[in-house]
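Peer 1: Once you've had a glance at the structure underneath, I'll fire off some questions.
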Amino acid sequence: MTEMKTTSMLILLLASLTALAAPDKKASPTSQSDEASARASRLVTIEGEDPPFADIIKSGAITPGERFSKGPVPGSRVRVNHELLEKQVGKPDPIPQQIGIHTEARGAIKREDFSKWTRWYQEDGNVQVFRLFKGEQNIRGGIGQKGSQGRIEAFTRSLEAGPDNWREWEGTYTIIKPVGANIFQLFHNGEDKNGRTILWPFHIRMSGEGDIYFHRRRPVAGMATEIVLGKNMAGKSLSVKVRANGTDYEVYQKRPLDKGPWKPVTKGSYIPAKDNKISFRWGMYAGSRKGQSIPNDALILVTGVSVR
């Protein structure tokens with residue numbers, strides 16, 4: 001009996017030691033972050049250098065306090081690994097030609113001048129490349145406490161919508177280096193009854209950790225203000241579709257290679273746009289809080305954009 005008890009105790013002890021020695025199969029947050037960064041880094045190659053933002057200001061290419069700096073502000077070249085990217089998003093359609101961009105130093109830039117602002121925006125084949133850099137600000141109000149985090153966004157012209165004229169935007173996001181920012185915005189022309197600019201019914205946002213989520217601009221009783229579309233998306237891709245008619249909107253998502261139907265995310269309504277004029281914006285809008293700057297380098301790719 002004593003021998004049996006001793007043997008049982010030895011078996012239990014060996015089992016405990018084995019469990020302690022076995023590796024934890026659940027990846028730590030650090031290892032998950034490292035894996036995501038490695039996955040993302042394989043999708044692009046950077047050729048050249050990008051000077052600190054302060055050096056660009058010193059060069060005179062951009063002027064704090066001016067809304068339309070003359071530039072140019074060239075950037076390092078971003079080379080997309082098209083073969084690898086197409087394995088997760090498919091072969092992208094051509095980029096729409098009738099678009100403009102807003103940058104940290106100048107807004108409403110026309111396509112013929114895109115090449116002057118490659119620090120923030122580039123196109124490689126049919127891939128749109130959006131970048132922001134640590135320490136940057138939107139300088140139209142000034143710098144330091146007068147500056148804000150700012151943006152790099154593409155935008156459509158004003159589009160006429162209506163109850164029987166729904167407009168659609170569709171595109172696929174691939175996150176390389178995330179930062180807290182709106183990556184899609186629906187814009188309504190006009191003002192509310194108090195004279196406040198109507199602007200934004202909702203945003204699709206990206207967190208600094210690479211999560212993507214829907215954010216309703218004004219809370220609505222019985223409807224979620226925030227809805228997660230994807231978690232830890234660095235190196236991954238997500239397709240989004242938005243439908244809007246100047247009052248109502250619908251948001252959908254799906255995996256880029258999924259041939260099935262779009263998955264509804266949410267829908268809602270907002271103050272009607274003046275003259276039913278709306279527009280779509282996509283890229284990275286990091287915010288307008290005075291005294292804030294971009295906290296880290298950021299880069300996203302957008303493919304397959306279509307506007308209908």
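Ordering of the structure tokens sets the chain letters (A, B, ...), residue numbers begin anew at 1 in every chain, and ligands are numbered from 1 in the order given.
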Based on the backbone DSSP call, show me all residues of region 53-161 of chain A assigned helix (DSSP H, G or I), as a ChimeraX atom specification.

Peer 2: /A:53-59,82-89,111-117,144-146

Peer 1: Write to file, as a tab-separated table (two decimals), in the first residue's frame, the residues of the selection just made, with N, CA and C atoms.

Peer 2:
```tsv
chain	number	residue	atom	x	y	z
A	53	PHE	N	9.90	66.46	-39.62
A	53	PHE	CA	8.95	67.49	-40.02
A	53	PHE	C	9.53	68.89	-39.81
A	54	ALA	N	10.28	69.07	-38.74
A	54	ALA	CA	10.87	70.37	-38.44
A	54	ALA	C	11.80	70.82	-39.56
A	55	ASP	N	12.51	69.88	-40.16
A	55	ASP	CA	13.43	70.23	-41.25
A	55	ASP	C	12.67	70.69	-42.50
A	56	ILE	N	11.50	70.11	-42.72
A	56	ILE	CA	10.69	70.54	-43.88
A	56	ILE	C	10.22	71.97	-43.68
A	57	ILE	N	9.81	72.29	-42.46
A	57	ILE	CA	9.38	73.66	-42.17
A	57	ILE	C	10.54	74.63	-42.36
A	58	LYS	N	11.71	74.25	-41.87
A	58	LYS	CA	12.89	75.11	-42.01
A	58	LYS	C	13.26	75.33	-43.47
A	59	SER	N	12.98	74.36	-44.31
A	59	SER	CA	13.34	74.47	-45.73
A	59	SER	C	12.51	75.53	-46.46
A	82	HIS	N	3.23	43.65	-54.78
A	82	HIS	CA	1.93	43.41	-55.40
A	82	HIS	C	1.55	41.93	-55.39
A	83	GLU	N	2.52	41.08	-55.61
A	83	GLU	CA	2.22	39.65	-55.65
A	83	GLU	C	1.67	39.18	-54.31
A	84	LEU	N	2.30	39.61	-53.22
A	84	LEU	CA	1.86	39.20	-51.89
A	84	LEU	C	0.53	39.87	-51.52
A	85	LEU	N	0.40	41.17	-51.85
A	85	LEU	CA	-0.83	41.88	-51.52
A	85	LEU	C	-2.03	41.27	-52.25
A	86	GLU	N	-1.84	40.92	-53.52
A	86	GLU	CA	-2.96	40.39	-54.29
A	86	GLU	C	-3.42	39.02	-53.78
A	87	LYS	N	-2.56	38.32	-53.05
A	87	LYS	CA	-2.96	37.05	-52.46
A	87	LYS	C	-4.01	37.25	-51.36
A	88	GLN	N	-4.04	38.46	-50.77
A	88	GLN	CA	-5.03	38.69	-49.72
A	88	GLN	C	-6.13	39.68	-50.10
A	89	VAL	N	-5.96	40.43	-51.20
A	89	VAL	CA	-7.03	41.36	-51.59
A	89	VAL	C	-7.54	41.11	-53.01
A	111	ARG	N	-5.30	66.24	-58.78
A	111	ARG	CA	-4.50	65.10	-59.21
A	111	ARG	C	-3.21	65.51	-59.92
A	112	GLU	N	-3.25	66.55	-60.74
A	112	GLU	CA	-2.04	66.93	-61.48
A	112	GLU	C	-0.91	67.39	-60.56
A	113	ASP	N	-1.22	67.65	-59.28
A	113	ASP	CA	-0.20	68.09	-58.34
A	113	ASP	C	0.14	67.04	-57.27
A	114	PHE	N	-0.42	65.83	-57.40
A	114	PHE	CA	-0.15	64.79	-56.40
A	114	PHE	C	1.35	64.53	-56.24
A	115	SER	N	2.09	64.62	-57.34
A	115	SER	CA	3.51	64.27	-57.31
A	115	SER	C	4.34	65.23	-56.45
A	116	LYS	N	3.78	66.37	-56.08
A	116	LYS	CA	4.50	67.32	-55.23
A	116	LYS	C	4.41	66.97	-53.75
A	117	TRP	N	3.58	65.99	-53.39
A	117	TRP	CA	3.28	65.74	-51.98
A	117	TRP	C	3.44	64.26	-51.63
A	144	GLY	N	3.08	73.71	-32.98
A	144	GLY	CA	3.11	73.64	-31.53
A	144	GLY	C	1.69	73.63	-30.97
A	145	GLN	N	1.39	74.53	-30.05
A	145	GLN	CA	0.06	74.59	-29.45
A	145	GLN	C	-1.01	75.07	-30.43
A	146	LYS	N	-0.60	75.64	-31.55
A	146	LYS	CA	-1.57	76.10	-32.55
A	146	LYS	C	-1.83	75.04	-33.63
```

Peer 1: Using only C-alpha atoms, determine which residues lie at most 6 Å from Gly304 (chain A), disregarding the query and same-chain residues fewer than 2 positions distant; provide the list as a list in words.

Peer 2: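 Neighbouring residues, sequence-local ones excluded: Pro92, Asp93 and Gly171 of chain A.
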
Peer 1: Write out as a VMD selection string the residues lying within 8 Å of Thr174 (chain A), counting only C-alpha atoms and excluding same-chain residues fewer than 4 positions away.

Peer 2: chain A and resid 233 to 238 300 to 302

Peer 1: With only C-alpha atoms as the counted atoms, please give the residues lying no more than 6 Å from Pro64 (chain A), apart from itself and same-chain residues fewer than 3 positions off, as a ChimeraX atom specification.

Peer 2: /A:139-140,142

Peer 1: With a distance cut-off of 12 Å and only C-alpha atoms, select the neighbouring residues of Ser293 (chain A), excluding the residue or stretch itself and same-chain residues fewer than 6 positions from it, and output the selection as a list of chain:residue names.

Peer 2: A:Phe53, A:Glu104, A:Leu132, A:Phe133, A:Lys134, A:Gly135, A:Glu136, A:Gln137, A:Asn138, A:Ile139, A:Ile143, A:Gly144, A:Gln145, A:Lys146, A:Gly147, A:Ser148, A:Gln149, A:Gly150, A:Arg151, A:Val179, A:Gly180, A:Ala181, A:Tyr285, A:Ala286, A:Gly287

Peer 1: Just the selected residues (C-alpha atoms), exported as an mmCIF file, in the first residue's frame, please.

Peer 2:
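File produced: out-v8.cif:
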```
data_model
loop_
_atom_site.group_PDB
_atom_site.id
_atom_site.type_symbol
_atom_site.label_atom_id
_atom_site.label_comp_id
_atom_site.auth_asym_id
_atom_site.auth_seq_id
_atom_site.Cartn_x
_atom_site.Cartn_y
_atom_site.Cartn_z
ATOM 1 C CA PHE A 53 8.950 67.495 -40.022
ATOM 2 C CA GLU A 104 -0.755 68.266 -43.429
ATOM 3 C CA LEU A 132 1.809 60.157 -41.647
ATOM 4 C CA PHE A 133 4.965 60.601 -39.569
ATOM 5 C CA LYS A 134 5.702 60.958 -35.878
ATOM 6 C CA GLY A 135 5.713 64.568 -34.675
ATOM 7 C CA GLU A 136 3.814 66.004 -37.640
ATOM 8 C CA GLN A 137 0.961 68.484 -37.402
ATOM 9 C CA ASN A 138 -1.571 70.134 -39.647
ATOM 10 C CA ILE A 139 0.049 73.561 -39.857
ATOM 11 C CA ILE A 143 2.599 74.769 -35.121
ATOM 12 C CA GLY A 144 3.105 73.643 -31.531
ATOM 13 C CA GLN A 145 0.063 74.592 -29.447
ATOM 14 C CA LYS A 146 -1.566 76.101 -32.553
ATOM 15 C CA GLY A 147 -1.175 72.956 -34.662
ATOM 16 C CA SER A 148 -3.244 69.753 -34.645
ATOM 17 C CA GLN A 149 -2.644 66.108 -35.563
ATOM 18 C CA GLY A 150 -3.944 66.575 -39.081
ATOM 19 C CA ARG A 151 -4.494 64.253 -41.983
ATOM 20 C CA VAL A 179 -2.240 55.051 -35.709
ATOM 21 C CA GLY A 180 -5.364 56.419 -34.070
ATOM 22 C CA ALA A 181 -7.288 58.014 -36.973
ATOM 23 C CA TYR A 285 -7.587 61.849 -40.346
ATOM 24 C CA ALA A 286 -5.877 61.829 -36.948
ATOM 25 C CA GLY A 287 -7.785 64.717 -35.365
#
```

Peer 1: Using DSSP secondary structure from the backbone, list all strand (DSSP E) positions within region 42-242 of chain A, as an MDAnalysis selection string.

Peer 2: chainID A and resid 44:47 77:80 99:102 121:124 127:132 150:156 159:160 167:177 181:191 197:199 202:206 212:216 226:230 237:242

Peer 1: Could you dump the residues just selected with C-alpha atoms as a PDB file, in the first residue's frame?

Peer 2:
```pdb
ATOM      1  CA  VAL A  44       6.009  47.145 -48.632  1.00  0.00           C
ATOM      2  CA  THR A  45       9.598  48.267 -49.135  1.00  0.00           C
ATOM      3  CA  ILE A  46      10.711  51.833 -48.426  1.00  0.00           C
ATOM      4  CA  GLU A  47      13.379  53.338 -50.690  1.00  0.00           C
ATOM      5  CA  ARG A  77       9.409  55.779 -52.405  1.00  0.00           C
ATOM      6  CA  VAL A  78       6.990  53.108 -51.184  1.00  0.00           C
ATOM      7  CA  ARG A  79       7.226  49.922 -53.237  1.00  0.00           C
ATOM      8  CA  VAL A  80       4.284  47.570 -52.773  1.00  0.00           C
ATOM      9  CA  ILE A  99     -10.315  62.686 -56.681  1.00  0.00           C
ATOM     10  CA  GLY A 100      -8.296  65.183 -54.650  1.00  0.00           C
ATOM     11  CA  ILE A 101      -6.175  64.939 -51.504  1.00  0.00           C
ATOM     12  CA  HIS A 102      -5.788  66.859 -48.251  1.00  0.00           C
ATOM     13  CA  TYR A 121       0.417  60.278 -50.630  1.00  0.00           C
ATOM     14  CA  GLN A 122       1.577  57.983 -53.436  1.00  0.00           C
ATOM     15  CA  GLU A 123       0.127  55.549 -55.918  1.00  0.00           C
ATOM     16  CA  ASP A 124       1.962  52.351 -56.810  1.00  0.00           C
ATOM     17  CA  VAL A 127      -2.626  50.845 -54.814  1.00  0.00           C
ATOM     18  CA  GLN A 128      -3.151  54.077 -52.877  1.00  0.00           C
ATOM     19  CA  VAL A 129      -0.486  54.693 -50.215  1.00  0.00           C
ATOM     20  CA  PHE A 130      -1.288  56.994 -47.281  1.00  0.00           C
ATOM     21  CA  ARG A 131       1.401  58.004 -44.745  1.00  0.00           C
ATOM     22  CA  LEU A 132       1.809  60.157 -41.647  1.00  0.00           C
ATOM     23  CA  GLY A 150      -3.944  66.575 -39.081  1.00  0.00           C
ATOM     24  CA  ARG A 151      -4.494  64.253 -41.983  1.00  0.00           C
ATOM     25  CA  ILE A 152      -3.762  62.659 -45.300  1.00  0.00           C
ATOM     26  CA  GLU A 153      -7.029  61.934 -47.083  1.00  0.00           C
ATOM     27  CA  ALA A 154      -8.360  61.379 -50.564  1.00  0.00           C
ATOM     28  CA  PHE A 155     -11.810  62.767 -51.305  1.00  0.00           C
ATOM     29  CA  THR A 156     -14.466  62.739 -53.984  1.00  0.00           C
ATOM     30  CA  LEU A 159     -22.004  64.119 -55.132  1.00  0.00           C
ATOM     31  CA  GLU A 160     -25.723  64.666 -55.537  1.00  0.00           C
ATOM     32  CA  ARG A 167     -24.424  56.815 -53.735  1.00  0.00           C
ATOM     33  CA  GLU A 168     -21.897  54.086 -52.909  1.00  0.00           C
ATOM     34  CA  TRP A 169     -18.245  53.946 -51.879  1.00  0.00           C
ATOM     35  CA  GLU A 170     -16.344  50.686 -51.758  1.00  0.00           C
ATOM     36  CA  GLY A 171     -12.704  49.956 -50.922  1.00  0.00           C
ATOM     37  CA  THR A 172     -10.269  47.610 -49.192  1.00  0.00           C
ATOM     38  CA  TYR A 173      -7.952  48.678 -46.379  1.00  0.00           C
ATOM     39  CA  THR A 174      -4.621  46.996 -45.639  1.00  0.00           C
ATOM     40  CA  ILE A 175      -3.007  48.230 -42.431  1.00  0.00           C
ATOM     41  CA  ILE A 176       0.803  48.430 -42.391  1.00  0.00           C
ATOM     42  CA  LYS A 177       1.567  50.811 -39.492  1.00  0.00           C
ATOM     43  CA  ALA A 181      -7.288  58.014 -36.973  1.00  0.00           C
ATOM     44  CA  ASN A 182     -10.494  58.075 -38.989  1.00  0.00           C
ATOM     45  CA  ILE A 183      -9.863  56.028 -42.119  1.00  0.00           C
ATOM     46  CA  PHE A 184     -13.236  56.774 -43.726  1.00  0.00           C
ATOM     47  CA  GLN A 185     -15.618  59.726 -43.367  1.00  0.00           C
ATOM     48  CA  LEU A 186     -19.031  60.445 -44.858  1.00  0.00           C
ATOM     49  CA  PHE A 187     -19.494  64.192 -45.357  1.00  0.00           C
ATOM     50  CA  HIS A 188     -22.843  66.034 -45.462  1.00  0.00           C
ATOM     51  CA  ASN A 189     -22.955  69.562 -46.865  1.00  0.00           C
ATOM     52  CA  GLY A 190     -24.757  72.246 -44.860  1.00  0.00           C
ATOM     53  CA  GLU A 191     -25.436  73.398 -41.297  1.00  0.00           C
ATOM     54  CA  THR A 197     -21.596  72.670 -39.704  1.00  0.00           C
ATOM     55  CA  ILE A 198     -23.293  69.315 -40.177  1.00  0.00           C
ATOM     56  CA  LEU A 199     -20.244  67.528 -41.504  1.00  0.00           C
ATOM     57  CA  PHE A 202     -20.183  58.686 -38.877  1.00  0.00           C
ATOM     58  CA  HIS A 203     -16.550  57.629 -39.090  1.00  0.00           C
ATOM     59  CA  ILE A 204     -14.765  54.340 -39.616  1.00  0.00           C
ATOM     60  CA  ARG A 205     -11.802  54.475 -37.281  1.00  0.00           C
ATOM     61  CA  MET A 206      -8.490  52.735 -36.751  1.00  0.00           C
ATOM     62  CA  ILE A 212     -10.959  48.950 -37.088  1.00  0.00           C
ATOM     63  CA  TYR A 213     -14.376  50.064 -35.889  1.00  0.00           C
ATOM     64  CA  PHE A 214     -17.464  52.057 -36.834  1.00  0.00           C
ATOM     65  CA  HIS A 215     -18.199  55.204 -34.785  1.00  0.00           C
ATOM     66  CA  ARG A 216     -21.571  56.952 -34.893  1.00  0.00           C
ATOM     67  CA  GLU A 226     -19.228  51.855 -31.774  1.00  0.00           C
ATOM     68  CA  ILE A 227     -19.062  48.536 -33.637  1.00  0.00           C
ATOM     69  CA  VAL A 228     -15.837  46.562 -34.116  1.00  0.00           C
ATOM     70  CA  LEU A 229     -15.144  45.523 -37.712  1.00  0.00           C
ATOM     71  CA  GLY A 230     -11.751  43.917 -37.127  1.00  0.00           C
ATOM     72  CA  SER A 237      -7.064  43.551 -45.048  1.00  0.00           C
ATOM     73  CA  LEU A 238     -10.738  44.438 -44.742  1.00  0.00           C
ATOM     74  CA  SER A 239     -13.239  45.510 -47.403  1.00  0.00           C
ATOM     75  CA  VAL A 240     -15.857  48.159 -46.610  1.00  0.00           C
ATOM     76  CA  LYS A 241     -18.905  49.405 -48.497  1.00  0.00           C
ATOM     77  CA  VAL A 242     -20.921  52.526 -47.648  1.00  0.00           C
TER      78      VAL A 242
END
```

Peer 1: Quote the spacing between CA of Ile62 (chain A) and CA of Trp120 (chain A) in Å to one decimal place.

Peer 2: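 Result for CA of Ile62 (chain A) versus CA of Trp120 (chain A): 13.5 Å, one decimal.
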
Peer 1: In Å, how far is it from CA of Arg67 (chain A) to CA of Ala105 (chain A)?

Peer 2: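 According to the coordinates, CA of Arg67 (chain A) and CA of Ala105 (chain A) are separated by 6.8 Å.
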
Peer 1: Interatomic distance between CA of Met223 (chain A) and CA of Tyr252 (chain A)?

Peer 2: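 Atom-to-atom, CA of Met223 (chain A) and CA of Tyr252 (chain A) are spaced 15.9 Å apart.
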